[in-house]
Every structure is written in structure tokens, then in C-alpha cells.
Amino acid sequence: MPTLLMYRKIFLTLIVATAIYIPASAQAQVCEDASKLTALQVQSRLYRNKGLQAQNMGNLQEALSWYQKAVEMDSSFAVAYNDIGVIYEANGLIQLAEQNYLKANKMDPNYLSVYSNLAALYESKRDFDKAALYWEKRSKLGVEGDPWKAKAEQRLRDIAEILPSLKLRFMEQDAMKLNKDLLAKKAEAAKKAQEHVKVAKKFFDSNDYDKAMVELDAALNLDSKSSEALELMDRTRARIKQREKQAAVQKMQEHFQRGLKYYEQEDVGSAEREFGKITELTASPQ
């Protein structure tokens, strides 16, 4: 049955080809300008390519030999140091792997693969503080669409379950993000509420108070503290109350005229009913 170490070795033989993500739009910036390379640097790249070929065929010792020749030709060749680290780690030589990864990182801080390799190495050593450090760097250096950026962020989340300080930091970050999202939503709601207030003002000015109230209710559902909506709602309610009073007075006048007509016709019962309705209207709350 395959062991965890065996799976780790298989993973390490593939990591060189997959650990760095370079969008097509950025390849021109990353690729070296061959015209600026010295003869020794060109030779070192050729050795490194031979090492990759050997590694892809599973010949790790041969690959290591070619990578070592590559750094002999160019002692600042970060990619080759990273390759050497991968081979050492696959062979269980963790200290030598770490040394070469760190050297690669020192030679070229923008070479992304080495951050993932260092982070994974420190995880295997259960040095989660250092693992988190390098996963975080890998995440920050990645661009949108980079699958290893997403992987680094997920690994940080996983490690946070072990490191209380990191978990607290994530909680603070999440809280800040949620608060930012909430403020954005409140601003959007306030903007929509303002649109309802504008429509309500038009209905108010045209004396269509019922429709104005519908718009103001919608505005306050979106922004309950909108001073403009609250002020206009008070004015609208006052107008509605005034309209109701006027309607009540009109009805009283109508009942009085009918009651007076019945009285003159000596229809006492009908007159009493009409005058009684005036009393009811007067007693009802306005």
C-alpha cells in the first residue's frame, strides 16, 4: 500500500512543472531576454533543460547532476536551485532541500514556485509558523486566476485551525470584509431609497398622497433613517388627515342639507337619521 512519503515523492517530481502559474499576458515579462544572457548563463539554461528531461523520465539522480551543473555555470540561477531542492526533498534530504529553496528565494524573490515548495516543506516538518509565512507570500504575489494563489489561501485557512493567532487574524479580516460589504449594501440601499423619495415628492406635489405614501414606505424599508423620507412622510400624513377632515365636513354638510329638507317635508324620522349621522361624524376620531 502506498505510503504518505511515496505520495509526497510523486508530488515533488511534478511540482516544478505545476507550482508556478504564469498568465499568457505576463509571459513576456517573465521570460528572460536571451540576448542579455552571458555564454555561461545560456549554458546553465541548457543544463537545466537536460535536468528537466531526466526528471520527467524519473531519473532523479541524473536530473540532480544536471541542475548542479546549471548553478555551477550561473550561481544566481534561482530556478535551478529550486529544482535541486525538489530532488533533495524527494530523496528525504530535507535540510539540503530547505537550503536550496532558501537560496532560490534569495536569488529571485519573484520566482513563485519556491514559496509553495518552502511552505509545503515546513508543513511536513510541522513548522506551521514558517509554512504560513510562505503560503501568505505566495498568495500575495499571485494574480487573479492563478490556481496556486487560491491553493495558498486555502492552506492558510487550514493552518489557521492550528495557529490561534492566525485564526484570529482571519476572523478580523473576515469581519472587516463583511463590514465593508455591509456598508456598500447600505449605501446602495440609501441610493435606491432616495429614488423612491424623488418619486414620492412628485406624487406629493400633485396631491396624490396615497401613492406618495407607497413610495415613502418603500424608501424607509430600504433606509429607515432617511431624514428626508421621514420628514416628507410627516407632511404627507398631515395632508391626508386634512383631506379626511375636509371630506368629513363635506359629508356633514350633505347630511345637514338632507336632514333640513326632510324636516321641511315634516319627515321627522328621516330628518333625525340624517342629523344623527352628523353627530356620528363629529364623534369619530379624525
# chains A, B, ... in the order shown; residues from 1 in each chain; ligands from 1

$ residues_around --residues "Ile159 of chain A" --least-positions-apart "2" --cutoff "9 Å" --atoms "only C-alpha atoms" --output "ChimeraX atom specification"
/A:123,128-129,131-132,154-157,161-163,166-167

$ closest_residue --among "A:Glu280, A:Asp223, A:Asp158, A:Glu266" --to "Lys191 of chain A" --atoms "only C-alpha atoms"
A:Asp223

$ closest_residue --among "A:Gln173, A:Thr279, A:Gln53, A:Ser75" --to "Lys251 of chain A" --atoms "only C-alpha atoms"
A:Thr279

$ residues_around --residues "segment 76-80 of chain A" --least-positions-apart "3" --cutoff "7 Å" --atoms "only C-alpha atoms" --output "NGL selection string"
:A and (48 or 67 or 70-71 or 83-84 or 104-105 or 107-108)

$ write_last_selection --atoms "C-alpha atoms" --output "compact mmCIF listing (two decimals), in the first residue's frame"
# COMPACT_ATOMS: atom_id res chain seq x y z
CA ARG A 48 18.67 22.85 -16.59
CA TYR A 67 20.81 21.03 -12.08
CA ALA A 70 23.44 24.61 -14.14
CA VAL A 71 24.20 26.50 -10.91
CA ASP A 83 14.94 22.20 -8.87
CA ILE A 84 17.79 20.92 -6.71
CA ALA A 104 16.48 30.20 -4.81
CA ASN A 105 14.23 32.61 -2.92
CA MET A 107 18.36 34.89 -5.77
CA ASP A 108 14.91 35.72 -7.14

$ atom_distance --atom1 "atom CA of Ala150 of chain A" --atom2 "atom CA of Ser113 of chain A"
14.0 Å

$ atom_distance --atom1 "atom CA of Gln246 of chain A" --atom2 "atom CA of Phe204 of chain A"
17.6 Å

$ closest_residue --among "A:Lys130, A:Gln242, A:Glu231, A:Pro164" --to "Val197 of chain A" --atoms "only C-alpha atoms"
A:Glu231

$ atom_distance --atom1 "atom CA of Tyr134 of chain A" --atom2 "atom CA of Ala119 of chain A"
5.1 Å
